[in-house]
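Coordinates as given in run.cif (mmCIF, C-alpha atoms):
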data_model
loop_
_atom_site.group_PDB
_atom_site.id
_atom_site.type_symbol
_atom_site.label_atom_id
_atom_site.label_comp_id
_atom_site.auth_asym_id
_atom_site.auth_seq_id
_atom_site.Cartn_x
_atom_site.Cartn_y
_atom_site.Cartn_z
ATOM 1 C CA MET A 728 101.407 1.060 9.792
ATOM 2 C CA ARG A 729 99.198 -1.098 7.578
ATOM 3 C CA THR A 730 96.652 1.398 6.308
ATOM 4 C CA ALA A 731 94.724 2.018 3.108
ATOM 5 C CA THR A 732 92.039 4.284 1.699
ATOM 6 C CA ILE A 733 89.785 3.271 -1.172
ATOM 7 C CA LYS A 734 87.498 5.680 -3.025
ATOM 8 C CA ARG A 735 84.920 4.118 -5.301
ATOM 9 C CA LYS A 736 82.332 6.090 -7.265
ATOM 10 C CA THR A 737 79.736 4.744 -9.684
ATOM 11 C CA LYS A 738 76.350 5.926 -10.911
ATOM 12 C CA GLU A 739 74.847 4.025 -7.962
ATOM 13 C CA THR A 740 77.180 4.772 -5.053
ATOM 14 C CA ASP A 741 79.939 7.074 -3.833
ATOM 15 C CA ILE A 742 82.031 5.341 -1.181
ATOM 16 C CA GLU A 743 85.215 6.080 0.744
ATOM 17 C CA VAL A 744 86.707 3.498 3.107
ATOM 18 C CA THR A 745 89.808 3.831 5.283
ATOM 19 C CA VAL A 746 91.291 0.993 7.335
ATOM 20 C CA ASN A 747 94.134 0.681 9.809
ATOM 21 C CA LEU A 748 94.840 -2.994 10.475
ATOM 22 C CA ASP A 749 96.933 -2.094 13.518
ATOM 23 C CA GLY A 750 94.339 0.110 15.148
ATOM 24 C CA THR A 751 92.217 -0.153 18.274
ATOM 25 C CA GLY A 752 88.773 -0.682 16.765
ATOM 26 C CA VAL A 753 87.763 2.958 16.377
ATOM 27 C CA SER A 754 84.977 3.379 13.826
ATOM 28 C CA ASN A 755 83.220 6.187 12.023
ATOM 29 C CA ILE A 756 80.469 4.656 9.908
ATOM 30 C CA ALA A 757 77.813 6.412 7.828
ATOM 31 C CA THR A 758 76.056 4.433 5.077
ATOM 32 C CA GLY A 759 72.513 5.673 5.575
ATOM 33 C CA ILE A 760 71.457 2.142 6.579
ATOM 34 C CA GLY A 761 71.072 1.853 10.339
ATOM 35 C CA PHE A 762 71.397 -1.911 10.743
ATOM 36 C CA PHE A 763 74.333 -2.073 8.320
ATOM 37 C CA ASP A 764 76.108 0.717 10.211
ATOM 38 C CA HIS A 765 75.661 -1.363 13.374
ATOM 39 C CA MET A 766 77.250 -4.420 11.717
ATOM 40 C CA LEU A 767 80.237 -2.437 10.423
ATOM 41 C CA ASP A 768 80.698 -0.755 13.790
ATOM 42 C CA LEU A 769 80.894 -4.081 15.597
ATOM 43 C CA LEU A 770 83.163 -5.441 12.850
ATOM 44 C CA ALA A 771 85.630 -2.656 13.631
ATOM 45 C CA ARG A 772 85.268 -2.978 17.379
ATOM 46 C CA HIS A 773 85.850 -6.718 17.567
ATOM 47 C CA SER A 774 88.548 -6.895 14.875
ATOM 48 C CA ARG A 775 90.467 -3.981 16.430
ATOM 49 C CA ILE A 776 90.713 -2.560 12.913
ATOM 50 C CA ASP A 777 90.143 1.188 12.742
ATOM 51 C CA LEU A 778 87.455 1.725 10.128
ATOM 52 C CA THR A 779 85.956 4.764 8.464
ATOM 53 C CA VAL A 780 83.141 4.281 5.961
ATOM 54 C CA LYS A 781 81.343 7.105 4.190
ATOM 55 C CA ALA A 782 78.792 5.832 1.692
ATOM 56 C CA VAL A 783 76.147 7.654 -0.306
ATOM 57 C CA GLY A 784 74.003 5.365 -2.404
ATOM 58 C CA ASP A 785 70.719 5.004 -4.220
ATOM 59 C CA LEU A 786 68.748 4.109 -1.094
ATOM 60 C CA HIS A 787 65.559 5.318 -2.781
ATOM 61 C CA ILE A 788 65.805 2.106 -4.836
ATOM 62 C CA ASP A 789 66.910 -0.286 -2.081
ATOM 63 C CA HIS A 790 69.927 -1.128 0.083
ATOM 64 C CA HIS A 791 71.562 -3.554 -2.346
ATOM 65 C CA HIS A 792 74.058 -1.349 -4.181
ATOM 66 C CA THR A 793 75.222 0.467 -1.057
ATOM 67 C CA THR A 794 75.727 -2.766 0.872
ATOM 68 C CA GLU A 795 77.517 -4.615 -1.936
ATOM 69 C CA ASP A 796 79.704 -1.687 -2.989
ATOM 70 C CA THR A 797 80.764 -1.059 0.606
ATOM 71 C CA GLY A 798 81.850 -4.712 0.771
ATOM 72 C CA ILE A 799 83.857 -4.232 -2.428
ATOM 73 C CA ALA A 800 85.603 -1.107 -1.136
ATOM 74 C CA LEU A 801 86.305 -2.562 2.303
ATOM 75 C CA GLY A 802 87.702 -5.747 0.780
ATOM 76 C CA GLN A 803 89.980 -3.718 -1.498
ATOM 77 C CA ALA A 804 91.154 -1.604 1.434
ATOM 78 C CA VAL A 805 92.007 -4.635 3.557
ATOM 79 C CA LYS A 806 93.888 -6.237 0.669
ATOM 80 C CA GLN A 807 95.860 -3.074 0.000
ATOM 81 C CA ALA A 808 96.672 -2.584 3.684
ATOM 82 C CA LEU A 809 97.998 -6.159 3.922
ATOM 83 C CA GLY A 810 100.671 -5.342 1.348
ATOM 84 C CA THR A 811 103.007 -8.312 0.758
ATOM 85 C CA MET A 812 101.323 -10.214 3.623
ATOM 86 C CA ALA A 813 104.731 -10.939 5.131
ATOM 87 C CA GLY A 814 104.494 -12.058 8.737
ATOM 88 C CA ILE A 815 100.721 -12.450 8.942
ATOM 89 C CA THR A 816 99.227 -15.366 10.843
ATOM 90 C CA ARG A 817 97.080 -16.049 7.734
ATOM 91 C CA TYR A 818 94.648 -18.671 9.106
ATOM 92 C CA ALA A 819 92.055 -18.200 11.831
ATOM 93 C CA GLY A 820 88.680 -19.517 12.863
ATOM 94 C CA VAL A 821 86.152 -18.855 15.580
ATOM 95 C CA HIS A 822 82.843 -20.101 16.910
ATOM 96 C CA MET A 823 80.813 -16.990 17.710
ATOM 97 C CA PRO A 824 77.822 -17.179 20.039
ATOM 98 C CA MET A 825 75.096 -14.542 20.058
ATOM 99 C CA ASP A 826 72.466 -15.555 22.587
ATOM 100 C CA GLU A 827 70.711 -18.619 21.084
ATOM 101 C CA THR A 828 72.767 -18.452 17.872
ATOM 102 C CA LEU A 829 76.128 -20.046 17.111
ATOM 103 C CA SER A 830 78.089 -19.349 13.929
ATOM 104 C CA ARG A 831 81.440 -20.628 12.723
ATOM 105 C CA VAL A 832 83.689 -18.327 10.686
ATOM 106 C CA VAL A 833 87.004 -19.527 9.243
ATOM 107 C CA ILE A 834 89.368 -17.423 7.126
ATOM 108 C CA ASP A 835 92.476 -18.008 5.059
ATOM 109 C CA ILE A 836 94.173 -14.865 3.758
ATOM 110 C CA SER A 837 95.226 -16.846 0.736
ATOM 111 C CA GLY A 838 94.988 -14.412 -2.137
ATOM 112 C CA ARG A 839 92.458 -16.854 -3.613
ATOM 113 C CA PRO A 840 88.928 -15.493 -3.133
ATOM 114 C CA VAL A 841 86.299 -18.062 -2.190
ATOM 115 C CA LEU A 842 83.137 -17.701 -0.125
ATOM 116 C CA VAL A 843 81.216 -20.609 1.356
ATOM 117 C CA PHE A 844 78.134 -19.160 3.068
ATOM 118 C CA LYS A 845 75.752 -21.529 4.815
ATOM 119 C CA VAL A 846 73.415 -19.223 6.685
ATOM 120 C CA ASP A 847 69.623 -19.245 6.745
ATOM 121 C CA PHE A 848 67.537 -16.383 8.080
ATOM 122 C CA PRO A 849 64.073 -17.008 9.538
ATOM 123 C CA ARG A 850 62.899 -13.594 8.327
ATOM 124 C CA ASP A 851 63.355 -11.641 5.085
ATOM 125 C CA LYS A 852 64.116 -8.384 6.839
ATOM 126 C CA ILE A 853 65.839 -7.013 9.931
ATOM 127 C CA GLY A 854 64.066 -3.707 10.293
ATOM 128 C CA GLU A 855 64.285 -2.270 6.772
ATOM 129 C CA PHE A 856 67.386 -4.310 5.875
ATOM 130 C CA ASP A 857 66.985 -7.315 3.552
ATOM 131 C CA THR A 858 68.630 -10.340 5.161
ATOM 132 C CA GLU A 859 69.744 -11.637 1.734
ATOM 133 C CA LEU A 860 72.140 -8.680 1.630
ATOM 134 C CA VAL A 861 74.256 -10.205 4.395
ATOM 135 C CA ARG A 862 75.489 -12.797 1.923
ATOM 136 C CA GLU A 863 75.957 -10.137 -0.762
ATOM 137 C CA TRP A 864 78.218 -8.169 1.568
ATOM 138 C CA PHE A 865 80.283 -11.205 2.560
ATOM 139 C CA GLN A 866 80.638 -12.184 -1.116
ATOM 140 C CA ALA A 867 81.810 -8.709 -2.121
ATOM 141 C CA PHE A 868 84.227 -8.515 0.799
ATOM 142 C CA ALA A 869 85.777 -11.964 0.250
ATOM 143 C CA MET A 870 86.214 -11.518 -3.510
ATOM 144 C CA ASN A 871 87.882 -8.139 -3.170
ATOM 145 C CA ALA A 872 89.973 -8.883 -0.085
ATOM 146 C CA GLY A 873 91.257 -12.016 -1.808
ATOM 147 C CA VAL A 874 90.419 -14.308 1.092
ATOM 148 C CA THR A 875 88.983 -17.769 1.445
ATOM 149 C CA LEU A 876 86.062 -17.370 3.835
ATOM 150 C CA HIS A 877 83.725 -19.992 5.274
ATOM 151 C CA VAL A 878 80.689 -18.760 7.212
ATOM 152 C CA GLU A 879 78.134 -21.174 8.670
ATOM 153 C CA THR A 880 75.425 -20.648 11.233
ATOM 154 C CA LEU A 881 75.148 -23.898 13.132
ATOM 155 C CA TYR A 882 71.875 -22.916 14.776
ATOM 156 C CA GLY A 883 69.852 -19.849 15.669
ATOM 157 C CA ASP A 884 66.310 -18.468 15.681
ATOM 158 C CA ASN A 885 66.647 -14.693 15.576
ATOM 159 C CA SER A 886 67.705 -13.047 12.304
ATOM 160 C CA HIS A 887 69.396 -10.113 14.037
ATOM 161 C CA HIS A 888 71.410 -12.492 16.214
ATOM 162 C CA ILE A 889 72.349 -14.633 13.205
ATOM 163 C CA ALA A 890 73.674 -11.653 11.216
ATOM 164 C CA GLU A 891 75.489 -10.286 14.236
ATOM 165 C CA SER A 892 77.182 -13.604 14.969
ATOM 166 C CA CYS A 893 78.432 -13.740 11.358
ATOM 167 C CA PHE A 894 79.894 -10.222 11.436
ATOM 168 C CA LYS A 895 81.389 -10.654 14.908
ATOM 169 C CA GLY A 896 82.799 -14.018 13.867
ATOM 170 C CA LEU A 897 84.461 -12.425 10.852
ATOM 171 C CA ALA A 898 85.804 -9.656 13.072
ATOM 172 C CA ARG A 899 87.485 -12.039 15.498
ATOM 173 C CA ALA A 900 88.811 -14.321 12.749
ATOM 174 C CA LEU A 901 90.147 -11.351 10.791
ATOM 175 C CA ARG A 902 91.764 -9.936 13.913
ATOM 176 C CA ALA A 903 93.712 -13.164 14.439
ATOM 177 C CA ALA A 904 94.551 -13.764 10.764
ATOM 178 C CA VAL A 905 95.999 -10.303 10.027
ATOM 179 C CA ALA A 906 98.046 -10.296 13.236
ATOM 180 C CA ILE A 907 101.796 -10.447 12.802
ATOM 181 C CA ASP A 908 103.289 -13.751 13.937
ATOM 182 C CA PRO A 909 106.289 -12.757 16.105
ATOM 183 C CA LYS A 910 108.090 -15.976 15.121
ATOM 184 C CA ALA A 911 107.812 -15.256 11.398
ATOM 185 C CA VAL A 912 107.804 -11.484 11.039
ATOM 186 C CA ASP A 913 109.451 -11.324 7.609
ATOM 187 C CA GLU A 914 108.149 -14.593 6.177
ATOM 188 C CA ILE A 915 105.377 -15.086 3.634
ATOM 189 C CA PRO A 916 103.190 -17.797 5.234
ATOM 190 C CA SER A 917 103.209 -20.113 2.236
ATOM 191 C CA THR A 918 105.452 -22.943 1.022
ATOM 192 C CA LYS A 919 105.289 -21.289 -2.415
ATOM 193 C CA GLY A 920 106.879 -18.136 -1.049
ATOM 194 C CA SER A 921 103.974 -15.990 -2.201
ATOM 195 C CA LEU A 922 100.253 -15.616 -1.685
ATOM 196 C CA GLY A 923 97.680 -14.962 -4.352
ATOM 197 C CA GLY A 924 97.768 -17.765 -6.834
#

As structure tokens, how would this structure be written, given the file I've shared?
Amino acid sequence: MRTATIKRKTKETDIEVTVNLDGTGVSNIATGIGFFDHMLDLLARHSRIDLTVKAVGDLHIDHHHTTEDTGIALGQAVKQALGTMAGITRYAGVHMPMDETLSRVVIDISGRPVLVFKVDFPRDKIGEFDTELVREWFQAFAMNAGVTLHVETLYGDNSHHIAESCFKGLARALRAAVAIDPKAVDEIPSTKGSLGG
């Protein structure tokens, strides 16, 4: 099974993340940030990746360090769980509706980390959560997972819906991209014979 656990402790956060890429979408999330927990829960559910996140951070300052560092740890866990990447589908993309919002998320598990993030939020906050942290999380995840990730909200009016469409879009794209291609189970999906550079 493609699983990994990452433990990451700094002066700002103490985080443990476990993933099972071949799971059923079971999640156990506790970051101390309600909206963020909701996003990670739906990420697990719609990607079918089992996900456990335990994060203790300096929330008395703000949500930035906890959000970013969780993205770092989750990205590292996904990368580790992918191993050699033999047999993966590699590429996937989805258009994700959320009521009046539509976002496009496209991923290449390339080993070359890039984030293109074209998302605007009408409001600065969703509850107590700063909407600018959505991009921070996607940046941290993409850089540490080693993926090329394009996220664009084509239209939308509600900040909660916009964030949710981005996370759900990533979930569905990730689900397809990490899936094993039955026609190429032992092959590295690259003409170079390797991924990552």

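CA of Lys852 (chain A) sits 27.6 Å away from CA of Gly820 (chain A).
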
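A distance cut-off of 7 Å around (83.2, -10.8, 17.7), counting only C-alpha atoms, selects these protein and nucleic acid residues: His773, Met823, Lys895, Gly896, Ala898 and Arg899 of chain A.
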
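For the pair CA of Ser830 (chain A) and CA of Arg850 (chain A), the interatomic distance is 17.2 Å.
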
- Message: Please list, as an NGL selection string, the residues that have an atom at most 12 Å away from (91.5, 6.7, 16.4) in the coordinates of this file, counting all atoms listed in the file.
- Response: :A and (745-755 or 771-772 or 775-779)

- Taking the file as shown, find all residues satisfying the PyMOL selection byres ((chain A and resi 846) around 9) and write them as a VMD selection string. chain A and resid 830 844 to 845 847 to 848 862 878 to 881 889 to 890 893

- Task: Could you tell me which of A:Leu786, A:Val841, A:Leu829, A:Met766 comes closest to Tyr882 (chain A) if we count only C-alpha atoms?
- Result: A:Leu829

- Task: Do a neighbour search on Phe868 (chain A) at 6 Å with all atoms listed in the file, toss out local chain neighbours closer than 3 positions, and write the hits as a list of chain:residue names.
- Result: A:Gly798, A:Ile799, A:Gly802, A:Phe865, A:Asn871, A:Ala872

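The coordinates place CA of Phe856 (chain A) at 8.9 Å from CA of Asp789 (chain A).
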
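Proximity to Arg817 (chain A) was assessed for A:Leu876, A:Val744, A:Ala782, A:Ile733 counting all atoms listed in the file; the smallest distance is recorded for A:Leu876.
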
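Remark: for Asp835 (chain A), the closest of the candidate residues A:Pro849, A:Ile788, A:Asp857, A:Ala903 is A:Ala903 (distances computed over only C-alpha atoms).
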